[in-house]
Structures are given as C-alpha cells and as structure tokens.
$ cat model-v6.txt   # compact mmCIF, C-alpha atoms
# COMPACT_ATOMS: atom_id res chain seq x y z
CA MET A 1 -85.46 -163.06 -56.28
CA GLN A 2 -86.23 -162.75 -52.60
CA PRO A 3 -83.24 -162.81 -50.24
CA GLU A 4 -82.56 -166.07 -48.48
CA THR A 5 -84.02 -166.27 -44.99
CA SER A 6 -81.99 -167.36 -41.97
CA ALA A 7 -83.93 -170.63 -41.80
CA GLN A 8 -83.23 -171.35 -45.48
CA TYR A 9 -79.53 -170.60 -44.99
CA GLN A 10 -79.34 -172.93 -41.99
CA GLN A 11 -81.12 -175.66 -43.92
CA ARG A 12 -78.68 -175.35 -46.82
CA PHE A 13 -75.75 -175.33 -44.41
CA ALA A 14 -77.00 -178.47 -42.63
CA GLN A 15 -77.63 -180.25 -45.93
CA ALA A 16 -74.15 -179.38 -47.17
CA ILE A 17 -72.71 -180.91 -44.01
CA ARG A 18 -74.83 -184.03 -44.52
CA GLU A 19 -73.68 -184.34 -48.12
CA GLY A 20 -70.08 -183.50 -47.22
CA GLU A 21 -69.83 -181.27 -50.25
CA ALA A 22 -69.39 -177.64 -51.18
CA ALA A 23 -72.46 -175.43 -51.60
CA ASP A 24 -72.85 -172.14 -53.41
CA GLY A 25 -72.70 -169.12 -51.16
CA LEU A 26 -71.37 -171.02 -48.13
CA PRO A 27 -67.88 -170.40 -46.71
CA GLN A 28 -65.99 -173.55 -47.68
CA ASP A 29 -63.34 -173.32 -44.95
CA ARG A 30 -66.00 -173.04 -42.25
CA LEU A 31 -68.05 -175.77 -43.89
CA ASN A 32 -65.08 -178.16 -43.98
CA VAL A 33 -64.53 -177.70 -40.25
CA TYR A 34 -68.14 -178.64 -39.51
CA ILE A 35 -68.06 -181.57 -41.94
CA ARG A 36 -65.03 -183.05 -40.18
CA LEU A 37 -66.35 -182.32 -36.70
CA ILE A 38 -69.82 -183.80 -37.26
CA ARG A 39 -68.56 -186.86 -39.11
CA ASN A 40 -65.79 -187.63 -36.64
CA ASN A 41 -68.19 -187.40 -33.69
CA ILE A 42 -70.97 -189.45 -35.26
CA HIS A 43 -68.57 -192.11 -36.55
CA SER A 44 -66.92 -192.27 -33.14
CA PHE A 45 -70.16 -192.79 -31.21
CA ILE A 46 -71.32 -195.46 -33.65
CA ASP A 47 -67.99 -197.31 -33.65
CA ARG A 48 -67.77 -197.26 -29.85
CA CYS A 49 -71.16 -198.98 -29.60
CA TYR A 50 -70.91 -201.47 -32.46
CA THR A 51 -67.56 -203.18 -32.08
CA GLU A 52 -68.52 -206.66 -33.36
CA THR A 53 -70.96 -205.82 -36.14
CA PRO A 54 -68.45 -204.51 -38.74
CA GLN A 55 -66.69 -207.90 -39.00
CA TYR A 56 -69.86 -209.41 -40.50
CA LEU A 57 -70.02 -206.84 -43.32
CA ASP A 58 -68.14 -206.63 -46.58
CA SER A 59 -65.17 -204.29 -46.74
CA GLY A 60 -66.33 -200.69 -46.98
CA GLU A 61 -69.99 -201.46 -46.26
CA TRP A 62 -69.79 -200.29 -42.62
CA GLY A 63 -68.40 -196.93 -43.69
CA ARG A 64 -71.10 -196.57 -46.34
CA LEU A 65 -73.82 -197.32 -43.78
CA LYS A 66 -72.51 -194.56 -41.52
CA GLU A 67 -72.27 -192.08 -44.38
CA ASP A 68 -75.78 -192.95 -45.60
CA PHE A 69 -77.04 -192.44 -42.05
CA ILE A 70 -75.48 -188.98 -41.86
CA ARG A 71 -76.87 -188.03 -45.26
CA ASP A 72 -80.37 -189.53 -45.10
CA ALA A 73 -81.45 -189.87 -41.45
CA ARG A 74 -83.11 -187.06 -39.50
CA ALA A 75 -82.06 -186.99 -35.87
CA GLN A 76 -84.82 -187.08 -33.26
CA THR A 77 -82.54 -186.18 -30.35
CA PRO A 78 -79.86 -183.54 -29.71
CA TYR A 79 -77.81 -185.89 -27.52
CA PHE A 80 -74.75 -187.50 -29.06
CA GLN A 81 -74.93 -190.55 -26.78
CA GLU A 82 -78.28 -191.44 -28.37
CA ILE A 83 -76.87 -191.44 -31.90
CA ALA A 84 -76.07 -195.17 -31.67
CA GLY A 85 -79.76 -195.90 -31.02
CA GLU A 86 -80.86 -193.77 -33.96
CA PHE A 87 -78.30 -195.51 -36.15
CA LEU A 88 -79.83 -198.86 -35.11
CA GLN A 89 -83.32 -197.60 -36.02
CA TYR A 90 -82.00 -196.41 -39.37
CA CYS A 91 -80.38 -199.80 -40.08
CA GLN A 92 -83.62 -201.56 -39.11
CA SER A 93 -85.31 -199.68 -41.96
CA LEU A 94 -82.82 -201.13 -44.45
CA PRO A 95 -82.74 -204.57 -46.05
CA LEU A 96 -80.05 -205.86 -43.69
CA SER A 97 -80.05 -209.48 -42.55
CA ASP A 98 -81.95 -210.41 -39.40
CA ASP A 99 -78.88 -211.90 -37.72
CA LEU A 100 -76.92 -208.68 -38.21
CA LEU A 101 -79.76 -206.57 -36.81
CA ALA A 102 -80.00 -208.92 -33.81
CA LEU A 103 -76.28 -208.43 -33.12
CA MET A 104 -76.66 -204.66 -33.41
CA ASP A 105 -79.57 -204.70 -30.97
CA PHE A 106 -77.47 -206.76 -28.54
CA GLU A 107 -74.56 -204.32 -28.78
CA HIS A 108 -76.87 -201.33 -28.35
CA THR A 109 -78.44 -202.96 -25.28
CA GLN A 110 -74.98 -203.10 -23.72
CA LEU A 111 -74.68 -199.35 -24.29
CA LEU A 112 -78.07 -198.81 -22.63
CA ALA A 113 -76.92 -200.78 -19.60
CA GLU A 114 -73.78 -198.66 -19.44
CA VAL A 115 -75.40 -195.22 -19.56
CA VAL A 116 -78.80 -195.64 -17.86
CA GLN A 117 -79.20 -193.73 -14.61
CA THR A 118 -79.93 -195.80 -11.51
CA ASN A 119 -80.66 -195.02 -7.89
CA SER A 120 -77.34 -195.20 -6.06
CA GLN A 121 -78.87 -195.16 -2.60
CA ALA A 122 -78.13 -198.13 -0.39
CA SER A 123 -80.79 -200.85 -0.39
CA PRO A 124 -82.46 -201.86 2.86
CA ALA A 125 -81.57 -205.14 4.49
CA ASP A 126 -82.50 -208.12 2.34
CA SER A 127 -85.73 -209.81 3.26
CA ASP A 128 -87.58 -212.75 1.74
CA ASP A 129 -90.74 -210.64 2.03
CA LEU A 130 -89.37 -207.52 0.29
CA ALA A 131 -90.49 -206.85 -3.27
CA TYR A 132 -87.77 -206.73 -5.92
CA THR A 133 -87.79 -205.95 -9.61
CA LEU A 134 -85.34 -205.92 -12.50
CA SER A 135 -82.75 -203.15 -12.26
CA PRO A 136 -83.12 -200.25 -14.75
CA ALA A 137 -79.62 -201.27 -15.89
CA ALA A 138 -80.66 -204.87 -16.60
CA PHE A 139 -82.31 -206.05 -19.81
CA VAL A 140 -83.64 -209.40 -21.01
CA ARG A 141 -83.46 -209.82 -24.78
CA CYS A 142 -84.65 -212.76 -26.89
CA TYR A 143 -83.19 -213.39 -30.34
CA HIS A 144 -83.47 -215.99 -33.11
CA TYR A 145 -79.66 -216.05 -33.25
CA ASP A 146 -76.93 -216.61 -30.70
CA VAL A 147 -75.55 -213.08 -30.62
CA THR A 148 -72.85 -214.21 -28.18
CA ASP A 149 -71.39 -216.89 -30.48
CA GLU A 150 -70.93 -216.43 -34.22
CA LEU A 151 -74.61 -215.62 -34.85
CA GLN A 152 -75.70 -219.25 -34.98
CA ALA A 153 -79.38 -219.65 -35.87
CA VAL A 154 -80.76 -220.73 -32.50
CA GLU A 155 -83.29 -219.23 -30.10
CA THR A 156 -81.25 -217.33 -27.51
CA ALA A 157 -82.27 -215.37 -24.43
CA VAL A 158 -79.63 -212.97 -23.08
CA LEU A 159 -79.40 -210.97 -19.89
CA VAL A 160 -77.40 -207.73 -20.14
CA TRP A 161 -76.73 -205.73 -16.98
CA ARG A 162 -74.41 -203.31 -15.19
CA ASN A 163 -73.14 -204.69 -11.91
CA SER A 164 -72.31 -202.91 -8.67
CA GLU A 165 -68.78 -202.18 -9.97
CA ASP A 166 -70.31 -200.46 -13.03
CA ASP A 167 -69.08 -203.21 -15.35
CA VAL A 168 -71.43 -204.19 -18.16
CA MET A 169 -72.00 -207.95 -18.16
CA TYR A 170 -74.05 -210.42 -20.16
CA GLN A 171 -74.98 -214.07 -20.03
CA THR A 172 -77.29 -216.40 -21.89
CA LEU A 173 -80.39 -217.58 -20.04
CA ASP A 174 -82.43 -220.74 -20.11
CA ASP A 175 -86.17 -220.37 -20.73
CA PHE A 176 -87.03 -220.61 -17.03
CA ASP A 177 -84.62 -217.89 -15.88
CA ALA A 178 -85.70 -215.61 -18.73
CA LEU A 179 -89.34 -216.10 -17.72
CA LEU A 180 -88.60 -215.36 -14.05
CA LEU A 181 -86.69 -212.17 -14.81
CA GLU A 182 -89.29 -210.93 -17.31
CA THR A 183 -91.99 -211.61 -14.73
CA LEU A 184 -90.10 -209.63 -12.07
CA ALA A 185 -89.63 -206.77 -14.55
CA ASP A 186 -93.39 -206.60 -15.13
CA THR A 187 -94.60 -207.52 -11.63
CA PRO A 188 -92.26 -206.96 -8.65
CA ALA A 189 -92.31 -209.80 -6.15
CA SER A 190 -90.60 -211.05 -3.04
CA LEU A 191 -88.78 -214.37 -2.86
CA ASN A 192 -91.55 -215.78 -0.68
CA GLY A 193 -94.19 -214.49 -3.07
CA LEU A 194 -92.40 -215.97 -6.07
CA GLN A 195 -92.03 -219.32 -4.34
CA ALA A 196 -95.73 -219.35 -3.46
CA MET A 197 -96.66 -218.63 -7.07
CA LEU A 198 -94.36 -221.33 -8.44
CA ALA A 199 -95.48 -223.90 -5.86
CA GLU A 200 -98.74 -224.28 -7.79
CA PHE A 201 -96.82 -225.60 -10.79
CA MET A 202 -93.70 -227.24 -9.32
CA SER A 203 -93.27 -230.58 -7.61
CA SER A 204 -93.63 -230.89 -3.86
CA GLU A 205 -89.92 -231.64 -3.50
CA SER A 206 -87.84 -228.79 -2.08
CA GLY A 207 -85.00 -228.97 -4.59
CA TRP A 208 -86.41 -226.30 -6.87
CA GLN A 209 -86.86 -223.94 -3.90
CA ASP A 210 -83.17 -224.25 -3.00
CA ALA A 211 -82.21 -223.60 -6.63
CA LEU A 212 -84.49 -220.57 -6.78
CA ARG A 213 -83.01 -219.14 -3.58
CA GLN A 214 -79.52 -219.50 -5.03
CA LYS A 215 -80.57 -217.74 -8.25
CA TRP A 216 -82.18 -214.99 -6.19
CA THR A 217 -79.03 -214.52 -4.09
CA ASP A 218 -76.86 -214.35 -7.20
CA TRP A 219 -79.16 -211.81 -8.86
CA LEU A 220 -79.07 -209.59 -5.78
CA GLU A 221 -75.28 -209.78 -5.49
CA GLN A 222 -74.87 -208.93 -9.17
CA GLY A 223 -77.21 -205.93 -8.97
CA ILE A 224 -79.66 -207.53 -11.38
CA LEU A 225 -82.53 -207.13 -8.94
CA VAL A 226 -83.28 -203.96 -6.99
CA VAL A 227 -85.84 -203.13 -4.32
CA ALA A 228 -89.16 -202.15 -5.89
CA SER A 229 -90.83 -200.87 -2.72
CA ALA A 230 -90.83 -201.33 1.01
CA GLU A 231 -94.16 -203.08 0.92
CA VAL A 232 -94.47 -206.69 2.00
CA VAL A 233 -95.92 -208.91 -0.73
$ encode --input "model-v6.txt" --output "structure tokens"
Amino acid sequence: MQPETSAQYQQRFAQAIREGEAADGLPQDRLNVYIRLIRNNIHSFIDRCYTETPQYLDSGEWGRLKEDFIRDARAQTPYFQEIAGEFLQYCQSLPLSDDLLALMDFEHTQLLAEVVQTNSQASPADSDDLAYTLSPAAFVRCYHYDVTDELQAVETAVLVWRNSEDDVMYQTLDDFDALLLETLADTPASLNGLQAMLAEFMSSESGWQDALRQKWTDWLEQGILVVASAEVV
C-alpha cells in the first residue's frame, strides 16, 4: 500500500472535523480541539446573524441544520464573516418553507448592511442638481411574507440600511418608495432630475413634489442616499 500523501491526510483530517468523529491514524486529542474550535466558531457566526429564525423551527431542528451544514457544505470563502451567507445558500438548497427562507434572507441582509465597507469621506454640499444613488449599505428587498411581523403572507417591500451612527435600521416601504429607491440604485439621479421624470406621470398639482422633497431629505439624513458623482444631471 502506498503511503498516504499530505493532501490525503489533510482531506481525512478535514472530513473527520466535519463529521465530528474519530478517524484512524489521526491524533484524537488534537482532532477534538479542532472539532470544538470549528464548531463553536461556525455556530457562533450563524447564531449572531439569525436571531429570529430559530423560533420558527421545531426544537432541535436549528442545531441539526447547523451540523448538516458543517458536514455537507463546501465553503467557497475563507472568511468567517461570510459563513452566514453560505449557510443561507445551503438552506436555500433544502426543502425549507418559503416564509422561513424569506426571514433568513432578511436577517442576512441586515448583516450585509452592518459589515459592508462604505466611503467615509464627507459629502459635498447638498444640491438639487447633484446625482445621488442608494448607499452600498442600503438594500431594498421584496418578499411574499411580512418578515417584520410574524411572517404573514403578504407582499412586503423592506428597506435595510446602516445610518450615519452605524446603526442597522429597517422599515417597510410602499410600492412607490420601493420603486424610487430601486430606480436610484440602478440609475443615479438628482432631485430635480427625478422630479422632471415623474412630472410626466404625476398630476400638475405641487403636492407630490413637496412629498418627494421630504422623502429625499429624510433619505439623505438617514444615509440611505449617497453622492454618485459630481456631475449635474
């Protein structure tokens, strides 16, 4: 029998850690240390992200999902903070209910808002002719369930963002606000440019313009919108 190569040994060692069991020819004391270390870290990162999801599962099912993930999934990233996203992808491959997966996506989006890197440089003076777009730390999500309230079966748009104090926030959106923010994410625009575009579809009364200006001001103050460029549009 040919001697075991280093790659084969490492593969056996990794598989033993995944299985959480002893393996012939591997030092059990050393293996146990790695088993505890890996499991504690992975469980911790998953539990920190998904704080609401476990309450919708039967007793013990959450723990089994995490153990199955460790045993069966193959990580695509070396970064621990991305484990929660890989766990979500793994759960999406399972026959879990759509409402539960929607809640998990919502919770993971809050993690994305928390950790994404943004430009901390001061923005130039506000101008109605300056192009703005959705902040990298702001996300619009649309679900078939109200992920903010007991997973009721209702179409729900949610805005998740990190504000200027680095607090992660969320709020439900009506269809119009969701459309505006998704449009700004895809095509940066100034307030004047947005008003000109909407004027083709809105009434000639000025009430909607005042409401839009107030929304725009709130989005700027909350850090939901950021300057896209210095160009006038």
$ residues_around --input "model-v6.txt" --residues "region 196-205 of chain A" --least-positions-apart "3" --cutoff "12 Å" --atoms "only C-alpha atoms" --output "short mmCIF file (atom, residue, chain, number, x, y, z; two decimals) with C-alpha atoms, keeping the file's coordinate frame"
data_model
loop_
_atom_site.label_atom_id
_atom_site.label_comp_id
_atom_site.auth_asym_id
_atom_site.auth_seq_id
_atom_site.Cartn_x
_atom_site.Cartn_y
_atom_site.Cartn_z
CA ASP A 128 -87.58 -212.75 1.74
CA ASP A 129 -90.74 -210.64 2.03
CA PHE A 176 -87.03 -220.61 -17.03
CA LEU A 179 -89.34 -216.10 -17.72
CA LEU A 180 -88.60 -215.36 -14.05
CA THR A 183 -91.99 -211.61 -14.73
CA ALA A 189 -92.31 -209.80 -6.15
CA SER A 190 -90.60 -211.05 -3.04
CA LEU A 191 -88.78 -214.37 -2.86
CA ASN A 192 -91.55 -215.78 -0.68
CA GLY A 193 -94.19 -214.49 -3.07
CA TRP A 208 -86.41 -226.30 -6.87
CA GLN A 209 -86.86 -223.94 -3.90
CA ASP A 210 -83.17 -224.25 -3.00
CA ALA A 211 -82.21 -223.60 -6.63
CA LEU A 212 -84.49 -220.57 -6.78
CA VAL A 233 -95.92 -208.91 -0.73
#
$ closest_residue --input "model-v6.txt" --among "A:Leu134, A:Cys49, A:Met169, A:Val147" --to "Leu111 (chain A)" --atoms "only C-alpha atoms"
A:Cys49
$ closest_residue --input "model-v6.txt" --among "A:Ala157, A:Thr51, A:Asp99, A:Ala178" --to "Lys215 (chain A)" --atoms "only C-alpha atoms"
A:Ala178
$ atom_distance --input "model-v6.txt" --atom1 "CA of Asp105 (chain A)" --atom2 "CA of Leu88 (chain A)"
7.2 Å
$ atom_distance --input "model-v6.txt" --atom1 "CA of Cys142 (chain A)" --atom2 "CA of Glu107 (chain A)"
13.3 Å
$ atom_distance --input "model-v6.txt" --atom1 "CA of Tyr145 (chain A)" --atom2 "CA of Asp98 (chain A)"
8.7 Å
